[in-house]
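A.B. asks: Contents of target.txt (compact mmCIF, C-alpha atoms) are given next:
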# COMPACT_ATOMS: atom_id res chain seq x y z
CA MET A 1 102.49 131.29 138.97
CA LYS A 2 99.98 132.46 136.38
CA ASP A 3 98.00 129.22 136.62
CA SER A 4 97.83 129.37 140.40
CA PHE A 5 96.70 133.02 140.20
CA VAL A 6 93.87 132.08 137.83
CA ILE A 7 92.80 129.19 140.07
CA TRP A 8 92.87 131.42 143.13
CA LEU A 9 90.87 134.08 141.35
CA ALA A 10 88.35 131.50 140.18
CA LEU A 11 87.87 130.32 143.76
CA LEU A 12 87.22 133.78 145.12
CA LEU A 13 85.10 135.35 142.43
CA PRO A 14 81.94 133.18 142.41
CA GLY A 15 80.39 134.87 145.41
CA LEU A 16 81.46 138.42 144.71
CA GLY A 17 78.52 139.30 142.50
CA PHE A 18 76.18 138.19 145.26
CA ALA A 19 78.36 139.83 147.90
CA GLN A 20 78.23 143.21 146.22
CA GLU A 21 74.43 143.18 146.07
CA ASN A 22 74.31 142.71 149.84
CA HIS A 23 77.40 144.68 150.77
CA LEU A 24 75.87 148.01 151.67
CA ALA A 25 72.93 146.60 153.59
CA SER A 26 74.96 144.06 155.57
CA ALA A 27 77.73 146.51 156.41
CA LEU A 28 75.42 148.92 158.21
CA PRO A 29 75.17 148.77 161.97
CA SER A 30 71.93 147.46 163.38
CA SER A 31 69.30 150.16 163.52
CA ASP A 32 67.05 148.31 165.97
CA THR A 33 66.72 150.59 169.00
CA ASN A 34 64.56 148.11 170.92
CA VAL A 35 67.46 145.77 171.58
CA ALA A 36 68.35 145.42 175.24
CA SER A 37 71.88 146.36 176.20
CA LYS A 38 74.27 143.73 174.89
CA ARG A 39 75.86 141.39 177.36
CA PRO A 40 79.64 140.93 177.32
CA LEU A 41 80.79 138.06 175.15
CA GLU A 42 82.11 134.95 176.84
CA LEU A 43 85.59 133.71 175.96
CA LYS A 44 84.13 130.85 173.88
CA GLU A 45 82.25 133.40 171.77
CA ARG A 46 85.29 135.68 171.38
CA ARG A 47 87.46 132.82 170.08
CA VAL A 48 85.47 132.57 166.87
CA LEU A 49 85.56 136.30 166.10
CA PRO A 50 88.42 137.76 164.05
CA LEU A 51 91.14 138.94 166.44
CA PHE A 52 88.99 137.75 169.35
CA GLY A 53 86.47 140.49 168.53
CA GLU A 54 89.09 143.17 169.16
CA LEU A 55 87.54 143.69 172.59
CA SER A 56 89.25 144.52 175.87
CA LYS A 57 90.72 141.34 177.30
CA THR A 58 89.29 139.83 180.44
CA SER A 59 91.54 138.49 183.19
CA VAL A 60 90.48 134.95 182.24
CA GLN A 61 91.47 135.58 178.62
CA ILE A 62 94.82 137.06 179.66
CA ASP A 63 95.56 134.05 181.89
CA GLU A 64 94.65 131.65 179.09
CA GLU A 65 96.86 133.53 176.61
CA ILE A 66 99.81 133.48 179.02
CA ARG A 67 99.43 129.70 179.45
CA PHE A 68 99.11 129.22 175.68
CA LEU A 69 102.19 131.34 174.92
CA SER A 70 104.17 129.54 177.60
CA GLU A 71 103.27 126.14 176.12
CA CYS A 72 104.20 127.32 172.63
CA ASP A 73 107.53 128.65 173.91
CA LYS A 74 108.28 125.14 175.22
CA SER A 75 107.10 123.35 172.05
CA PHE A 76 108.52 125.53 169.26
CA SER A 77 111.90 127.12 168.63
CA SER A 78 110.25 130.53 168.12
CA ARG A 79 106.86 132.17 168.22
CA THR A 80 107.15 132.85 164.50
CA GLU A 81 107.47 129.11 163.88
CA ALA A 82 104.50 128.45 166.17
CA SER A 83 102.47 131.08 164.35
CA SER A 84 103.24 129.44 161.01
CA PHE A 85 102.18 126.08 162.45
CA PHE A 86 98.82 127.41 163.64
CA THR A 87 98.28 129.22 160.34
CA ALA A 88 98.84 125.97 158.44
CA ARG A 89 96.36 124.14 160.70
CA ALA A 90 93.84 126.98 160.23
CA TRP A 91 94.00 126.64 156.44
CA GLU A 92 93.31 122.90 156.81
CA TYR A 93 90.24 123.59 158.94
CA LEU A 94 89.10 126.26 156.52
CA GLN A 95 89.37 123.80 153.64
CA GLU A 96 87.19 121.37 155.62
CA GLY A 97 84.60 124.10 156.18
CA ALA A 98 85.20 124.36 159.94
CA LEU A 99 85.05 128.16 160.03
CA ASP A 100 84.95 128.55 163.82
CA THR A 101 87.97 126.32 164.36
CA ALA A 102 89.85 127.98 161.50
CA CYS A 103 89.10 131.42 162.92
CA TYR A 104 90.34 130.37 166.36
CA ARG A 105 93.57 128.97 164.87
CA PHE A 106 94.15 132.16 162.86
CA ASN A 107 93.56 134.15 166.07
CA LEU A 108 96.16 132.02 167.88
CA ALA A 109 98.60 132.52 164.98
CA ASN A 110 98.07 136.27 165.29
CA LEU A 111 98.54 136.14 169.05
CA LEU A 112 101.91 134.44 168.50
CA ASN A 113 103.02 136.82 165.74
CA ASP A 114 100.98 139.91 164.95
CA LYS A 115 103.14 140.45 161.84
CA ASN A 116 101.91 137.19 160.27
CA VAL A 117 100.13 138.43 157.14
CA GLU A 118 98.65 134.99 156.48
CA ALA A 119 96.72 135.17 159.75
CA TYR A 120 95.03 138.40 158.61
CA TRP A 121 94.42 136.96 155.16
CA GLY A 122 92.87 133.85 156.70
CA LEU A 123 90.67 135.88 159.03
CA GLY A 124 89.57 137.90 155.99
CA VAL A 125 88.67 134.71 154.13
CA VAL A 126 86.76 133.35 157.15
CA SER A 127 84.84 136.63 157.45
CA TYR A 128 84.12 136.59 153.73
CA GLN A 129 82.77 133.04 153.92
CA ARG A 130 80.57 134.13 156.82
CA GLU A 131 79.34 136.96 154.58
CA ASN A 132 80.67 139.57 156.98
CA TRP A 133 82.01 141.94 154.34
CA THR A 134 83.07 144.66 156.76
CA ASP A 135 85.30 142.37 158.84
CA ALA A 136 86.64 140.69 155.70
CA LYS A 137 87.73 144.00 154.24
CA ARG A 138 89.17 145.18 157.58
CA MET A 139 91.23 142.00 158.12
CA LEU A 140 92.54 142.04 154.56
CA SER A 141 93.43 145.72 154.92
CA LYS A 142 95.48 144.90 158.01
CA GLY A 143 97.36 142.24 156.06
CA VAL A 144 97.95 144.55 153.10
CA ASN A 145 99.20 147.30 155.42
CA LEU A 146 101.74 144.90 156.94
CA GLN A 147 103.20 143.61 153.71
CA GLU A 148 102.16 145.23 150.47
CA THR A 149 103.93 142.56 148.40
CA MET A 150 101.44 139.84 149.42
CA LEU A 151 99.66 139.67 146.07
CA HIS A 152 96.93 137.28 147.21
CA CYS A 153 95.99 139.54 150.12
CA TRP A 154 95.93 142.62 147.88
CA LEU A 155 93.78 140.92 145.27
CA THR A 156 91.29 139.62 147.80
CA PHE A 157 91.04 143.11 149.27
CA LEU A 158 90.54 144.68 145.84
CA LEU A 159 87.94 142.13 144.80
CA LEU A 160 85.92 142.88 147.91
CA THR A 161 86.13 146.57 147.15
CA LEU A 162 85.16 146.36 143.48
CA ASN A 163 82.19 144.80 141.73
CA TYR A 164 83.05 141.76 139.60
CA THR A 165 80.92 139.35 137.60
CA PRO A 166 81.07 135.85 139.10
CA LEU A 167 83.01 133.14 137.30
CA PRO A 168 82.00 129.48 137.23
CA THR A 169 82.92 127.60 140.40
CA VAL A 170 85.85 125.19 140.45
CA SER A 171 86.65 122.15 142.53
CA LYS A 172 86.65 122.63 146.30
CA ASN A 173 89.46 120.08 146.61
CA LEU A 174 92.22 122.54 145.75
CA THR A 175 94.88 123.02 148.38
CA ARG A 176 96.18 126.33 149.64
CA GLN A 177 99.49 125.69 147.85
CA GLN A 178 97.65 125.40 144.53
CA ILE A 179 95.93 128.72 145.19
CA CYS A 180 99.04 130.68 146.19
Transcribe the structure of this file into structure tokens.
C.D. replies:
Amino acid sequence: MKDSFVIWLALLLPGLGFAQENHLASALPSSDTNVASKRPLELKERRVLPLFGELSKTSVQIDEEIRFLSECDKSFSSRTEASSFFTARAWEYLQEGALDTACYRFNLANLLNDKNVEAYWGLGVVSYQRENWTDAKRMLSKGVNLQETMLHCWLTFLLLTLNYTPLPTVSKNLTRQQIC
């Protein structure tokens, strides 16, 4: 347990020194007043945002979600099992560096089971890797609020909140099981 904690910590810490330098500036809303009114995001664009951008759902999105949930109900014994399956696939994509696909899979896992802490943790990690500190902290907070005993989620949240000196990087070939 202690070894896996140290490995996990070593994986997360390298970018935190850099992240803290940019945290305040990147977390501020855009101050450009010359921007034309923003167009609504298409479904393809929403898929790669944590929790589908937390925007009001369109009728197309609702129809697609109903079809997806129906297919999962036929393929899995429970939605919790399906959520775990999609979370596992998301971690694989994240390890390969496919952030958009990983984010979409974590979103699907959350759609199947909004109590799946790993989905929030994964969305926090994706946001962190995209250097979106505000979303990373918000997703991790949601996970921590669901289950305060999830040590890895708590630590990731705390590390984003505090300023730490980066540690040397370690191999990128570690699996999620070695980290947890």
A.B. asks: With all atoms listed in the file as the counted atoms, please give the residues lying no more than 7 Å from range 103-109 of chain A, apart from itself and same-chain residues fewer than 5 positions off, as a PDB file with C-alpha atoms, in the coordinates of the input.
C.D. replies:
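Dumped to out.pdb:
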ATOM      1  CA  ARG A  47      87.460 132.820 170.080  1.00  0.00           C
ATOM      2  CA  VAL A  48      85.470 132.570 166.870  1.00  0.00           C
ATOM      3  CA  LEU A  49      85.560 136.300 166.100  1.00  0.00           C
ATOM      4  CA  PRO A  50      88.420 137.760 164.050  1.00  0.00           C
ATOM      5  CA  LEU A  51      91.140 138.940 166.440  1.00  0.00           C
ATOM      6  CA  PHE A  52      88.990 137.750 169.350  1.00  0.00           C
ATOM      7  CA  SER A  83     102.470 131.080 164.350  1.00  0.00           C
ATOM      8  CA  SER A  84     103.240 129.440 161.010  1.00  0.00           C
ATOM      9  CA  PHE A  86      98.820 127.410 163.640  1.00  0.00           C
ATOM     10  CA  THR A  87      98.280 129.220 160.340  1.00  0.00           C
ATOM     11  CA  ARG A  89      96.360 124.140 160.700  1.00  0.00           C
ATOM     12  CA  ALA A  90      93.840 126.980 160.230  1.00  0.00           C
ATOM     13  CA  ALA A 119      96.720 135.170 159.750  1.00  0.00           C
ATOM     14  CA  GLY A 122      92.870 133.850 156.700  1.00  0.00           C
ATOM     15  CA  LEU A 123      90.670 135.880 159.030  1.00  0.00           C
ATOM     16  CA  VAL A 126      86.760 133.350 157.150  1.00  0.00           C
TER      17      VAL A 126
END
A.B. asks: Need the shell around Ala82 in chain A: protein/DNA/RNA residues with any atom at most 9 Å away, counting only C-alpha atoms. Skip same-chain ones fewer than 3 positions apart. Format as number ranges by chain?
C.D. replies: A: 72-73, 75-79, 85-87, 109, 112-113
A.B. asks: Could you check which of A:Gln147, A:Leu99, A:Val60, A:Ser141 is closest to Ser127 in chain A, using only C-alpha atoms?
C.D. replies: A:Leu99
A.B. asks: Using only C-alpha atoms, which protein or nucleic acid residues come within 7 Å of Gly143 in chain A? Drop anything in the same chain fewer than 3 positions from it, and give the result as an mmCIF file with C-alpha atoms, keeping the file's coordinate frame.
C.D. replies:
data_model
loop_
_atom_site.group_PDB
_atom_site.id
_atom_site.type_symbol
_atom_site.label_atom_id
_atom_site.label_comp_id
_atom_site.auth_asym_id
_atom_site.auth_seq_id
_atom_site.Cartn_x
_atom_site.Cartn_y
_atom_site.Cartn_z
ATOM 1 C CA VAL A 117 100.130 138.430 157.140
ATOM 2 C CA TYR A 120 95.030 138.400 158.610
ATOM 3 C CA TRP A 121 94.420 136.960 155.160
ATOM 4 C CA MET A 139 91.230 142.000 158.120
ATOM 5 C CA LEU A 140 92.540 142.040 154.560
ATOM 6 C CA LEU A 146 101.740 144.900 156.940
ATOM 7 C CA GLN A 147 103.200 143.610 153.710
ATOM 8 C CA CYS A 153 95.990 139.540 150.120
#
A.B. asks: Have a look at A:Leu41, A:Glu118, A:Tyr128, A:Asn110 and name the one nearest to Trp91 in chain A; count all atoms listed in the file.
C.D. replies: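 Checking each candidate against Trp91 in chain A, we get A:Glu118 as the closest.
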A.B. asks: Calculate how many Å separate CA of Leu55 in chain A from CA of Asn145 in chain A, rounding to one decimal.
C.D. replies: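 Spanning CA of Leu55 in chain A to CA of Asn145 in chain A is a straight-line distance of 21.1 Å.
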A.B. asks: What is the CA of Arg138 in chain A-CA of Gly124 in chain A distance in Å, reported with one decimal?
C.D. replies: 7.5 Å
A.B. asks: Would you mind reading off the distance between CA of Val144 in chain A and CA of Ile62 in chain A, one decimal, in Å?
C.D. replies: 27.8 Å
